[in-house]
$ cat data_6.txt   # compact mmCIF, C-alpha atoms
# COMPACT_ATOMS: atom_id res chain seq x y z
CA MET A 1 11.99 -68.89 14.39
CA ALA A 2 14.26 -66.28 15.88
CA SER A 3 14.99 -63.64 13.32
CA ARG A 4 17.79 -61.16 13.03
CA THR A 5 15.99 -59.11 10.44
CA ALA A 6 12.57 -58.96 12.06
CA PRO A 7 10.41 -59.53 8.97
CA ASP A 8 6.98 -58.06 8.47
CA PRO A 9 4.71 -60.01 10.80
CA ALA A 10 2.22 -60.62 7.99
CA ARG A 11 1.81 -64.30 7.33
CA ARG A 12 2.60 -64.01 3.64
CA SER A 13 5.87 -62.39 4.43
CA GLU A 14 6.69 -65.14 6.91
CA ARG A 15 5.85 -67.77 4.30
CA ALA A 16 8.07 -66.08 1.71
CA ARG A 17 10.89 -65.92 4.21
CA ALA A 18 10.54 -69.59 5.04
CA ALA A 19 10.48 -70.44 1.32
CA VAL A 20 13.72 -68.51 0.77
CA LEU A 21 15.46 -70.29 3.65
CA THR A 22 14.28 -73.69 2.42
CA ALA A 23 15.40 -72.93 -1.14
CA ALA A 24 18.80 -71.71 0.07
CA ALA A 25 19.34 -74.81 2.20
CA GLU A 26 18.39 -77.12 -0.66
CA LEU A 27 20.47 -75.32 -3.26
CA VAL A 28 23.67 -75.01 -1.26
CA ALA A 29 23.54 -78.77 -0.71
CA GLU A 30 22.79 -79.44 -4.38
CA VAL A 31 25.20 -77.12 -6.19
CA GLY A 32 27.60 -76.00 -3.48
CA TYR A 33 28.10 -72.52 -2.13
CA GLY A 34 30.35 -71.26 -4.92
CA LYS A 35 27.81 -71.88 -7.68
CA LEU A 36 24.80 -70.77 -5.69
CA THR A 37 23.19 -67.51 -6.82
CA ILE A 38 20.58 -65.23 -5.29
CA GLU A 39 18.70 -65.57 -8.60
CA ALA A 40 18.44 -69.34 -8.18
CA ILE A 41 17.25 -69.01 -4.59
CA ALA A 42 14.64 -66.44 -5.62
CA ALA A 43 13.44 -68.63 -8.50
CA ARG A 44 13.04 -71.73 -6.38
CA ALA A 45 11.38 -69.82 -3.54
CA GLY A 46 9.00 -68.09 -5.97
CA VAL A 47 9.94 -64.60 -4.83
CA GLY A 48 11.73 -61.69 -6.46
CA LYS A 49 15.43 -61.02 -5.95
CA GLN A 50 14.57 -57.73 -4.29
CA THR A 51 12.58 -59.58 -1.65
CA ILE A 52 15.71 -61.46 -0.70
CA TYR A 53 17.88 -58.35 -0.68
CA ARG A 54 15.34 -56.59 1.52
CA TRP A 55 15.96 -59.17 4.26
CA TRP A 56 19.54 -60.27 3.74
CA PRO A 57 22.58 -58.24 2.70
CA SER A 58 24.37 -61.09 0.90
CA LYS A 59 24.28 -64.66 -0.31
CA GLY A 60 26.36 -65.65 2.71
CA ALA A 61 23.80 -64.15 5.08
CA VAL A 62 20.91 -66.09 3.49
CA VAL A 63 22.74 -69.39 3.52
CA PHE A 64 23.83 -68.82 7.07
CA ASP A 65 20.28 -68.06 8.23
CA ALA A 66 19.02 -71.11 6.37
CA PHE A 67 21.56 -73.23 8.16
CA LEU A 68 20.75 -71.80 11.57
CA ALA A 69 17.01 -72.18 10.99
CA VAL A 70 17.59 -75.91 10.75
CA ASN A 71 20.36 -76.31 13.28
CA GLN A 72 20.05 -73.74 16.00
CA HIS A 73 19.52 -74.92 19.52
CA GLU A 74 16.58 -73.05 21.00
CA GLY A 75 16.94 -73.76 24.65
CA GLY A 76 16.23 -77.43 24.07
CA LEU A 77 19.82 -78.56 23.70
CA ALA A 78 21.18 -80.81 26.41
CA LEU A 79 23.58 -83.68 26.73
CA PRO A 80 22.14 -86.87 28.16
CA ASP A 81 23.14 -87.52 31.75
CA THR A 82 22.89 -91.23 32.38
CA GLY A 83 25.66 -91.08 34.96
CA ASP A 84 27.99 -92.74 32.41
CA LEU A 85 30.04 -89.87 31.00
CA ALA A 86 31.66 -91.96 28.25
CA ALA A 87 28.27 -93.20 27.02
CA ASP A 88 26.84 -89.68 27.12
CA LEU A 89 29.73 -88.25 25.07
CA ARG A 90 29.46 -91.11 22.57
CA ALA A 91 25.77 -90.22 22.24
CA VAL A 92 26.87 -86.81 20.97
CA LEU A 93 29.96 -87.66 18.92
CA ARG A 94 28.47 -90.61 17.02
CA PRO A 95 25.55 -88.71 15.47
CA THR A 96 27.82 -85.72 14.88
CA SER A 97 30.14 -88.01 12.91
CA ASP A 98 27.18 -89.38 10.97
CA GLU A 99 26.02 -85.90 10.10
CA LEU A 100 29.45 -84.69 8.98
CA THR A 101 29.73 -87.78 6.79
CA ASP A 102 26.52 -86.94 4.91
CA PRO A 103 27.65 -85.31 1.63
CA ARG A 104 24.95 -82.61 1.67
CA ALA A 105 25.64 -81.63 5.28
CA ASP A 106 29.39 -81.78 4.65
CA ARG A 107 29.10 -79.37 1.75
CA THR A 108 26.81 -77.01 3.62
CA TYR A 109 29.05 -76.93 6.69
CA ARG A 110 32.11 -76.18 4.59
CA ALA A 111 30.30 -73.28 2.93
CA ILE A 112 29.16 -71.91 6.27
CA ILE A 113 32.56 -72.16 7.90
CA ALA A 114 34.25 -70.54 4.91
CA GLU A 115 31.88 -67.60 5.36
CA LEU A 116 32.52 -67.36 9.09
CA LEU A 117 36.25 -67.25 8.61
CA ASN A 118 36.05 -64.03 6.65
CA ASP A 119 33.10 -62.42 8.37
CA PRO A 120 33.29 -61.47 12.06
CA VAL A 121 29.56 -60.71 12.23
CA LEU A 122 28.56 -64.15 10.97
CA HIS A 123 31.21 -65.68 13.22
CA SER A 124 29.68 -63.98 16.21
CA GLU A 125 26.18 -65.16 15.26
CA TYR A 126 27.42 -68.70 14.79
CA ARG A 127 29.00 -68.61 18.22
CA THR A 128 25.90 -67.19 19.88
CA ARG A 129 23.24 -69.24 18.13
CA LEU A 130 25.01 -72.55 17.59
CA LEU A 131 28.46 -73.23 18.97
CA ASP A 132 28.31 -71.65 22.41
CA PRO A 133 25.08 -73.46 23.38
CA LEU A 134 26.68 -76.78 22.36
CA LEU A 135 29.87 -76.09 24.29
CA GLU A 136 27.88 -74.89 27.28
CA VAL A 137 25.78 -78.04 27.62
CA THR A 138 28.94 -80.10 27.16
CA ARG A 139 30.65 -78.16 29.93
CA ASP A 140 27.53 -78.64 32.07
CA ARG A 141 27.73 -82.39 31.61
CA LEU A 142 31.44 -82.41 32.44
CA ARG A 143 30.80 -80.17 35.45
CA ALA A 144 28.24 -82.69 36.72
CA ALA A 145 30.86 -85.42 36.36
CA ARG A 146 33.34 -83.25 38.23
CA GLU A 147 30.83 -82.66 41.03
CA ALA A 148 30.16 -86.40 41.16
CA GLY A 149 33.86 -86.87 41.83
CA GLN A 150 34.46 -88.47 38.40
CA LEU A 151 36.86 -85.73 37.28
CA ALA A 152 39.50 -83.92 39.30
CA PRO A 153 38.15 -80.89 41.21
CA ASP A 154 40.44 -78.59 39.21
CA ALA A 155 39.56 -80.02 35.77
CA ASP A 156 39.70 -77.22 33.14
CA LEU A 157 36.32 -77.52 31.43
CA ASP A 158 37.19 -75.14 28.58
CA LEU A 159 40.15 -77.27 27.56
CA ALA A 160 38.03 -80.36 28.15
CA VAL A 161 35.36 -79.46 25.58
CA GLU A 162 38.10 -78.58 23.08
CA LEU A 163 39.63 -82.02 23.64
CA VAL A 164 36.26 -83.63 22.91
CA TYR A 165 35.27 -81.69 19.78
CA GLY A 166 38.57 -80.31 18.42
CA PRO A 167 40.08 -83.57 17.15
CA LEU A 168 36.78 -84.56 15.50
CA TYR A 169 36.35 -81.31 13.61
CA TYR A 170 40.05 -81.23 12.69
CA ARG A 171 39.80 -84.71 11.14
CA TRP A 172 36.65 -83.67 9.33
CA GLN A 173 37.79 -80.24 8.09
CA TYR A 174 41.05 -81.50 6.60
CA ARG A 175 39.62 -84.88 5.55
CA LEU A 176 42.28 -86.69 7.58
CA GLY A 177 40.38 -89.92 8.05
CA PRO A 178 36.97 -91.61 8.22
CA LEU A 179 34.44 -90.41 10.79
CA THR A 180 33.13 -93.71 12.07
CA HIS A 181 31.43 -94.62 15.32
CA GLU A 182 34.54 -96.58 16.21
CA HIS A 183 36.61 -93.44 15.77
CA ALA A 184 34.15 -91.41 17.85
CA ASP A 185 34.36 -93.99 20.63
CA ARG A 186 38.16 -94.01 20.59
CA LEU A 187 38.17 -90.23 20.73
CA VAL A 188 35.85 -90.25 23.74
CA ASP A 189 38.12 -92.76 25.50
CA ALA A 190 41.18 -90.65 24.73
CA ALA A 191 39.50 -87.45 25.95
CA LEU A 192 38.46 -89.16 29.18
CA ARG A 193 42.00 -90.37 29.73
CA ALA A 194 43.17 -86.80 29.16
CA LEU A 195 40.72 -85.80 31.91
CA ASN A 196 41.84 -88.64 34.18
CA HIS A 197 38.33 -90.04 34.23
CA PRO A 198 38.38 -93.30 36.19
CA ALA A 199 36.18 -95.05 33.62
CA ALA A 200 38.77 -94.37 30.93
CA SER A 201 40.32 -97.51 29.59
CA GLY A 202 43.73 -98.17 31.09
CA THR A 203 45.22 -99.31 27.81
CA SER A 204 46.46 -96.73 25.39
CA ASP A 205 44.38 -97.38 22.32
CA ALA A 206 44.72 -93.76 21.29
CA MET B 1 74.96 -53.04 -14.29
CA ALA B 2 75.42 -56.21 -16.26
CA SER B 3 72.23 -57.80 -15.05
CA ARG B 4 70.27 -54.79 -16.20
CA THR B 5 71.77 -54.52 -19.67
CA ALA B 6 71.49 -58.23 -20.43
CA PRO B 7 68.06 -59.19 -19.13
CA ASP B 8 67.46 -62.89 -18.96
CA PRO B 9 63.77 -63.52 -19.70
CA ALA B 10 63.64 -66.50 -17.38
CA ARG B 11 65.20 -64.52 -14.56
CA ARG B 12 62.93 -61.54 -15.19
CA SER B 13 59.95 -63.82 -15.17
CA GLU B 14 61.08 -65.40 -11.90
CA ARG B 15 61.53 -61.94 -10.38
CA ALA B 16 58.04 -60.89 -11.48
CA ARG B 17 56.61 -64.06 -10.00
CA ALA B 18 58.34 -63.47 -6.69
CA ALA B 19 57.15 -59.84 -6.67
CA VAL B 20 53.56 -60.96 -7.19
CA LEU B 21 53.77 -63.48 -4.34
CA THR B 22 55.32 -60.91 -2.01
CA ALA B 23 52.68 -58.33 -2.92
CA ALA B 24 49.88 -60.84 -2.39
CA ALA B 25 51.23 -61.89 1.02
CA GLU B 26 51.57 -58.27 2.14
CA LEU B 27 48.19 -57.19 0.88
CA VAL B 28 46.16 -60.05 2.31
CA ALA B 29 47.63 -59.28 5.71
CA GLU B 30 46.99 -55.56 5.29
CA VAL B 31 43.48 -55.43 3.85
CA GLY B 32 42.16 -58.96 4.35
CA TYR B 33 41.21 -61.44 1.68
CA GLY B 34 37.76 -60.05 0.97
CA LYS B 35 39.00 -56.60 -0.04
CA LEU B 36 42.06 -57.84 -1.90
CA THR B 37 42.01 -57.41 -5.67
CA ILE B 38 44.17 -58.72 -8.48
CA GLU B 39 44.56 -55.08 -9.56
CA ALA B 40 46.10 -54.14 -6.23
CA ILE B 41 48.48 -57.08 -6.32
CA ALA B 42 49.52 -56.19 -9.88
CA ALA B 43 50.05 -52.54 -8.95
CA ARG B 44 52.21 -53.31 -5.95
CA ALA B 45 54.21 -55.95 -7.80
CA GLY B 46 54.74 -53.63 -10.76
CA VAL B 47 53.31 -56.07 -13.28
CA GLY B 48 50.23 -56.12 -15.47
CA LYS B 49 47.03 -57.93 -14.45
CA GLN B 50 47.45 -60.22 -17.44
CA THR B 51 50.81 -61.37 -16.09
CA ILE B 52 49.09 -62.56 -12.98
CA TYR B 53 46.27 -64.26 -14.86
CA ARG B 54 48.82 -66.02 -17.05
CA TRP B 55 50.17 -67.84 -14.00
CA TRP B 56 47.23 -68.11 -11.65
CA PRO B 57 43.55 -68.76 -12.38
CA SER B 58 42.16 -66.77 -9.44
CA LYS B 59 42.84 -64.50 -6.51
CA GLY B 60 42.57 -67.49 -4.22
CA ALA B 61 45.28 -69.32 -6.13
CA VAL B 62 47.73 -66.40 -5.90
CA VAL B 63 47.17 -65.89 -2.19
CA PHE B 64 47.50 -69.58 -1.58
CA ASP B 65 50.79 -69.78 -3.48
CA ALA B 66 52.05 -66.72 -1.62
CA PHE B 67 51.23 -68.43 1.64
CA LEU B 68 52.88 -71.67 0.67
CA ALA B 69 55.99 -69.89 -0.60
CA VAL B 70 56.53 -68.64 2.94
CA ASN B 71 55.29 -71.64 4.88
CA GLN B 72 55.90 -74.80 3.00
CA HIS B 73 58.17 -77.38 4.50
CA GLU B 74 60.71 -78.43 1.92
CA GLY B 75 62.12 -81.57 3.41
CA GLY B 76 63.57 -79.59 6.30
CA LEU B 77 60.64 -80.05 8.64
CA ALA B 78 61.27 -82.15 11.72
CA LEU B 79 60.21 -82.26 15.32
CA PRO B 80 63.00 -82.05 17.86
CA ASP B 81 63.79 -85.35 19.53
CA THR B 82 65.39 -84.62 22.87
CA GLY B 83 64.00 -87.83 24.34
CA ASP B 84 61.49 -85.73 26.28
CA LEU B 85 58.26 -86.02 24.28
CA ALA B 86 56.39 -83.38 26.28
CA ALA B 87 59.19 -80.85 25.79
CA ASP B 88 59.38 -81.65 22.08
CA LEU B 89 55.63 -81.16 21.57
CA ARG B 90 55.72 -77.92 23.55
CA ALA B 91 58.50 -76.79 21.23
CA VAL B 92 56.00 -77.08 18.37
CA LEU B 93 52.76 -75.92 19.99
CA ARG B 94 54.17 -72.81 21.68
CA PRO B 95 55.49 -71.15 18.50
CA THR B 96 52.37 -72.29 16.63
CA SER B 97 50.28 -70.49 19.24
CA ASP B 98 52.46 -67.39 18.93
CA GLU B 99 52.05 -67.42 15.17
CA LEU B 100 48.27 -67.85 15.25
CA THR B 101 48.08 -64.96 17.71
CA ASP B 102 49.83 -62.58 15.33
CA PRO B 103 47.03 -60.53 13.71
CA ARG B 104 48.54 -60.63 10.22
CA ALA B 105 49.12 -64.37 10.30
CA ASP B 106 45.67 -64.91 11.82
CA ARG B 107 44.02 -63.00 8.99
CA THR B 108 46.03 -64.75 6.30
CA TYR B 109 45.31 -68.20 7.72
CA ARG B 110 41.59 -67.51 7.89
CA ALA B 111 41.59 -66.40 4.26
CA ILE B 112 43.51 -69.49 3.19
CA ILE B 113 41.31 -71.90 5.10
CA ALA B 114 38.15 -70.27 3.78
CA GLU B 115 39.47 -70.92 0.26
CA LEU B 116 40.37 -74.52 1.01
CA LEU B 117 36.94 -75.27 2.34
CA ASN B 118 35.32 -74.52 -0.99
CA ASP B 119 38.06 -75.68 -3.31
CA PRO B 120 39.11 -79.33 -3.39
CA VAL B 121 42.17 -78.58 -5.54
CA LEU B 122 43.56 -76.04 -3.08
CA HIS B 123 42.67 -78.37 -0.24
CA SER B 124 44.67 -81.11 -1.83
CA GLU B 125 47.67 -78.80 -2.35
CA TYR B 126 47.48 -77.62 1.22
CA ARG B 127 47.49 -81.20 2.43
CA THR B 128 50.40 -82.20 0.21
CA ARG B 129 52.61 -79.17 0.64
CA LEU B 130 51.89 -78.15 4.19
CA LEU B 131 49.69 -80.21 6.48
CA ASP B 132 50.72 -83.76 5.65
CA PRO B 133 54.44 -83.05 6.15
CA LEU B 134 53.67 -81.55 9.57
CA LEU B 135 51.49 -84.47 10.62
CA GLU B 136 54.05 -86.93 9.29
CA VAL B 137 56.97 -85.56 11.33
CA THR B 138 54.69 -85.44 14.36
CA ARG B 139 53.73 -89.08 13.84
CA ASP B 140 57.43 -89.89 13.40
CA ARG B 141 58.22 -88.31 16.76
CA LEU B 142 55.36 -90.18 18.44
CA ARG B 143 56.46 -93.41 16.75
CA ALA B 144 59.94 -92.94 18.20
CA ALA B 145 58.36 -92.51 21.64
CA ARG B 146 56.32 -95.64 21.07
CA GLU B 147 59.43 -97.57 20.05
CA ALA B 148 61.20 -96.27 23.15
CA GLY B 149 58.41 -97.82 25.21
CA GLN B 150 57.02 -94.43 26.23
CA LEU B 151 53.65 -95.05 24.54
CA ALA B 152 51.64 -98.26 24.38
CA PRO B 153 52.64 -100.54 21.48
CA ASP B 154 49.16 -100.21 19.98
CA ALA B 155 48.95 -96.40 20.24
CA ASP B 156 46.94 -95.01 17.28
CA LEU B 157 49.25 -92.37 15.85
CA ASP B 158 46.63 -90.86 13.54
CA LEU B 159 44.31 -90.16 16.45
CA ALA B 160 47.32 -89.02 18.47
CA VAL B 161 48.30 -86.21 16.09
CA GLU B 162 44.68 -85.10 15.93
CA LEU B 163 44.63 -84.93 19.74
CA VAL B 164 47.72 -82.74 19.68
CA TYR B 165 46.72 -80.27 16.95
CA GLY B 166 42.90 -80.50 16.80
CA PRO B 167 42.09 -78.75 20.08
CA LEU B 168 44.56 -75.96 19.33
CA TYR B 169 43.16 -75.19 15.87
CA TYR B 170 39.59 -75.53 17.15
CA ARG B 171 40.24 -72.94 19.87
CA TRP B 172 41.89 -70.69 17.31
CA GLN B 173 39.38 -71.04 14.48
CA TYR B 174 36.33 -70.30 16.64
CA ARG B 175 38.19 -67.83 18.89
CA LEU B 176 37.27 -69.86 21.97
CA GLY B 177 40.07 -68.64 24.19
CA PRO B 178 43.58 -67.21 24.35
CA LEU B 179 46.44 -69.13 22.73
CA THR B 180 49.10 -68.79 25.40
CA HIS B 181 52.17 -70.89 26.15
CA GLU B 182 50.43 -71.99 29.32
CA HIS B 183 47.51 -73.25 27.25
CA ALA B 184 49.87 -75.03 24.85
CA ASP B 185 51.59 -76.74 27.76
CA ARG B 186 48.29 -77.85 29.29
CA LEU B 187 47.19 -79.22 25.94
CA VAL B 188 50.43 -81.19 25.60
CA ASP B 189 49.94 -82.63 29.09
CA ALA B 190 46.35 -83.57 28.29
CA ALA B 191 47.33 -85.20 24.98
CA LEU B 192 50.05 -87.21 26.70
CA ARG B 193 47.58 -88.37 29.34
CA ALA B 194 45.26 -89.39 26.51
CA LEU B 195 48.16 -91.42 25.14
CA ASN B 196 48.98 -92.86 28.58
CA HIS B 197 52.46 -91.39 28.41
CA PRO B 198 54.20 -92.09 31.72
CA ALA B 199 55.55 -88.53 31.92
CA ALA B 200 52.00 -87.14 31.83
CA SER B 201 51.09 -85.37 35.01
CA GLY B 202 48.97 -87.50 37.32
CA THR B 203 46.70 -84.65 38.30
CA SER B 204 43.83 -83.73 36.03
CA ASP B 205 44.58 -80.13 35.18
CA ALA B 206 42.84 -80.54 31.85

$ encode --input "data_6.txt" --output "structure tokens"
Amino acid sequence: MASRTAPDPARRSERARAAVLTAAAELVAEVGYGKLTIEAIAARAGVGKQTIYRWWPSKGAVVFDAFLAVNQHEGGLALPDTGDLAADLRAVLRPTSDELTDPRADRTYRAIIAELLNDPVLHSEYRTRLLDPLLEVTRDRLRAAREAGQLAPDADLDLAVELVYGPLYYRWQYRLGPLTHEHADRLVDAALRALNHPAASGTSDA
Amino acid sequence: MASRTAPDPARRSERARAAVLTAAAELVAEVGYGKLTIEAIAARAGVGKQTIYRWWPSKGAVVFDAFLAVNQHEGGLALPDTGDLAADLRAVLRPTSDELTDPRADRTYRAIIAELLNDPVLHSEYRTRLLDPLLEVTRDRLRAAREAGQLAPDADLDLAVELVYGPLYYRWQYRLGPLTHEHADRLVDAALRALNHPAASGTSDA
């Protein structure tokens, strides 16, 4: 596990660290970020409060590390490339919708994003360890489609990834509607029409 | 002066309330939400802390009310309808981009959204007093375009408004790129292509 705080390499220390991250992840999902305390994390992890404060400066930092420990993409992230861009994007947006619909994940994400919004350091870590790798593999997949002549040669891939993910996260963050597979599929169709992809449905169901 | 010698308690109370909201709006932009205190708001507004706590349960609630006092749409919100849907959407997205680019507004918005994410009551107020009215007038404008035969009869207006605003707020929230008028215009073009609007540019510049 990549570590910002470079813990003591001793195995016991590593075990304590892992226990803290597990406890933090469980508790934020159970009680929400607002009611979570360092004391509760320490108690569940079986360590002292000072152990936590030695490694993390704040509750937000622990929860954030716990989240990244589960979710970060360590070089293994890639979008499928079956040659069918719509299918490959659906293969990302459908499970993302499922995950955001899970009440524990929903609550954890909201806590994390609330922290990011007020903390430039956490924001930067989130970008580096989580969001940028996702956007990069998505751009890679779209670039492959562009090179295969499926998108216009001048397609703006930055705008393209924002068209794919932006509407989904907007609906989720403001609870504007259900995140179903059907919705994910319609969003993929709409994004492909926005990109003038030839496989995009000709009828305007968006 | 007459108003000073015959103080009306209701008026004085209203003035104190307005002073608190002004102070909160100024301070959150100046020092950020994290460093803002009820004490500082009370000092700048010239009222006691207890006056603030009598009206608002928390710092978040004051800042939120201050924000809404400036931004809420009291029945006057509407999208222009010049008959040119692209121009009308640009007329919304360009000033929105300008506003989000202003450092004070940026900081205030981030503080507000961080609060919403952890507080269902504030979230619900934000929806009712701010977001839903905006989405509703946008849907109205798109519905008019649909009725004018400019969008397909089955166009999904909920997905449509998310395609218009989602990518913009996603780019802003995660600081993915600059929010320029050129970007706003490209986003409008892309959204209209997604909606199969006949005025959408035929080339894929998204």

$ residues_around --input "data_6.txt" --residues "Phe67 in chain A" --least-positions-apart "5" --cutoff "9 Å" --atoms "all atoms listed in the file" --output "number ranges by chain"
A: 21, 24-25, 62, 72, 108-109, 112

$ residues_around --input "data_6.txt" --residues "range 154-161 of chain B" --least-positions-apart "3" --cutoff "8 Å" --atoms "all atoms listed in the file" --output "list in words"
Pro167, Leu187, Ser204, Asp205 and Ala206 of chain A; Leu135, Thr138, Arg139, Leu142, Arg143, Arg146, Leu151, Val164, Tyr165, Gly166, Ala191 and Leu195 of chain B

$ atom_distance --input "data_6.txt" --atom1 "CA of Ala45 in chain B" --atom2 "CA of Ala23 in chain B"
5.6 Å

$ closest_residue --input "data_6.txt" --among "B:Thr101, B:Ala19, B:Ala42, B:Leu68" --to "Gly177 in chain B" --atoms "only C-alpha atoms"
B:Thr101

$ residues_around --input "data_6.txt" --residues "Tyr53 in chain B" --least-positions-apart "2" --cutoff "12 Å" --atoms "all atoms listed in the file" --output "JSON list (two decimals) with C-alpha atoms, in the frame of the given file"
[["chain", "number", "residue", "atom", "x", "y", "z"],
["B", 17, "ARG", "CA", 56.61, -64.06, -10.00],
["B", 20, "VAL", "CA", 53.56, -60.96, -7.19],
["B", 38, "ILE", "CA", 44.17, -58.72, -8.48],
["B", 39, "GLU", "CA", 44.56, -55.08, -9.56],
["B", 41, "ILE", "CA", 48.48, -57.08, -6.32],
["B", 42, "ALA", "CA", 49.52, -56.19, -9.88],
["B", 47, "VAL", "CA", 53.31, -56.07, -13.28],
["B", 48, "GLY", "CA", 50.23, -56.12, -15.47],
["B", 49, "LYS", "CA", 47.03, -57.93, -14.45],
["B", 50, "GLN", "CA", 47.45, -60.22, -17.44],
["B", 51, "THR", "CA", 50.81, -61.37, -16.09],
["B", 55, "TRP", "CA", 50.17, -67.84, -14.00],
["B", 56, "TRP", "CA", 47.23, -68.11, -11.65],
["B", 57, "PRO", "CA", 43.55, -68.76, -12.38],
["B", 58, "SER", "CA", 42.16, -66.77, -9.44],
["B", 59, "LYS", "CA", 42.84, -64.50, -6.51],
["B", 60, "GLY", "CA", 42.57, -67.49, -4.22],
["B", 61, "ALA", "CA", 45.28, -69.32, -6.13],
["B", 62, "VAL", "CA", 47.73, -66.40, -5.90]]

$ residues_around --input "data_6.txt" --residues "Glu30 in chain B" --least-positions-apart "2" --cutoff "12 Å" --atoms "all atoms listed in the file" --output "NGL selection string"
:B and (23-28 or 32-36 or 40-41 or 103-108)

$ closest_residue --input "data_6.txt" --among "B:Leu179, B:Ser97, B:Glu115, B:Leu89" --to "Leu163 in chain B" --atoms "only C-alpha atoms"
B:Leu89

$ atom_distance --input "data_6.txt" --atom1 "CA of Leu93 in chain A" --atom2 "CA of His183 in chain A"
9.4 Å

$ build_atoms --input "data_6.txt" --residues "range 8-13 of chain B" --atoms "all heavy atoms" --output "PDB file, in the frame of the given file"
ATOM      1  N   ASP B   8      67.747 -61.490 -18.664  1.00  0.00           N
ATOM      2  CA  ASP B   8      67.460 -62.890 -18.960  1.00  0.00           C
ATOM      3  C   ASP B   8      65.962 -63.069 -18.759  1.00  0.00           C
ATOM      4  O   ASP B   8      65.456 -62.835 -17.673  1.00  0.00           O
ATOM      5  CB  ASP B   8      68.281 -63.743 -17.974  1.00  0.00           C
ATOM      6  CG  ASP B   8      67.893 -65.202 -18.024  1.00  0.00           C
ATOM      7  OD1 ASP B   8      66.885 -65.528 -18.682  1.00  0.00           O
ATOM      8  OD2 ASP B   8      68.590 -66.000 -17.393  1.00  0.00           O
ATOM      9  N   PRO B   9      65.233 -63.440 -19.810  1.00  0.00           N
ATOM     10  CA  PRO B   9      63.770 -63.520 -19.700  1.00  0.00           C
ATOM     11  C   PRO B   9      63.320 -64.463 -18.582  1.00  0.00           C
ATOM     12  O   PRO B   9      62.358 -64.173 -17.884  1.00  0.00           O
ATOM     13  CB  PRO B   9      63.326 -64.045 -21.066  1.00  0.00           C
ATOM     14  CG  PRO B   9      64.475 -63.824 -21.978  1.00  0.00           C
ATOM     15  CD  PRO B   9      65.718 -63.784 -21.144  1.00  0.00           C
ATOM     16  N   ALA B  10      64.035 -65.552 -18.415  1.00  0.00           N
ATOM     17  CA  ALA B  10      63.640 -66.500 -17.380  1.00  0.00           C
ATOM     18  C   ALA B  10      63.816 -65.858 -16.005  1.00  0.00           C
ATOM     19  O   ALA B  10      62.949 -65.974 -15.126  1.00  0.00           O
ATOM     20  CB  ALA B  10      64.481 -67.776 -17.471  1.00  0.00           C
ATOM     21  N   ARG B  11      64.957 -65.156 -15.857  1.00  0.00           N
ATOM     22  CA  ARG B  11      65.200 -64.520 -14.560  1.00  0.00           C
ATOM     23  C   ARG B  11      64.179 -63.407 -14.304  1.00  0.00           C
ATOM     24  O   ARG B  11      63.687 -63.244 -13.209  1.00  0.00           O
ATOM     25  CB  ARG B  11      66.624 -63.976 -14.520  1.00  0.00           C
ATOM     26  CG  ARG B  11      66.967 -63.353 -13.173  1.00  0.00           C
ATOM     27  CD  ARG B  11      68.445 -63.053 -13.056  1.00  0.00           C
ATOM     28  NE  ARG B  11      69.234 -64.260 -13.235  1.00  0.00           N
ATOM     29  CZ  ARG B  11      70.563 -64.249 -13.268  1.00  0.00           C
ATOM     30  NH1 ARG B  11      71.223 -63.113 -13.153  1.00  0.00           N
ATOM     31  NH2 ARG B  11      71.238 -65.370 -13.438  1.00  0.00           N
ATOM     32  N   ARG B  12      63.888 -62.634 -15.353  1.00  0.00           N
ATOM     33  CA  ARG B  12      62.930 -61.540 -15.190  1.00  0.00           C
ATOM     34  C   ARG B  12      61.563 -62.095 -14.808  1.00  0.00           C
ATOM     35  O   ARG B  12      60.860 -61.560 -13.971  1.00  0.00           O
ATOM     36  CB  ARG B  12      62.824 -60.741 -16.496  1.00  0.00           C
ATOM     37  CG  ARG B  12      62.457 -59.284 -16.256  1.00  0.00           C
ATOM     38  CD  ARG B  12      62.379 -58.530 -17.549  1.00  0.00           C
ATOM     39  NE  ARG B  12      61.416 -59.127 -18.474  1.00  0.00           N
ATOM     40  CZ  ARG B  12      61.185 -58.678 -19.699  1.00  0.00           C
ATOM     41  NH1 ARG B  12      61.860 -57.627 -20.153  1.00  0.00           N
ATOM     42  NH2 ARG B  12      60.301 -59.256 -20.473  1.00  0.00           N
ATOM     43  N   SER B  13      61.220 -63.187 -15.457  1.00  0.00           N
ATOM     44  CA  SER B  13      59.950 -63.820 -15.170  1.00  0.00           C
ATOM     45  C   SER B  13      59.905 -64.318 -13.712  1.00  0.00           C
ATOM     46  O   SER B  13      58.910 -64.161 -13.019  1.00  0.00           O
ATOM     47  CB  SER B  13      59.768 -64.976 -16.155  1.00  0.00           C
ATOM     48  OG  SER B  13      58.615 -65.687 -15.870  1.00  0.00           O
TER      49      SER B  13
END
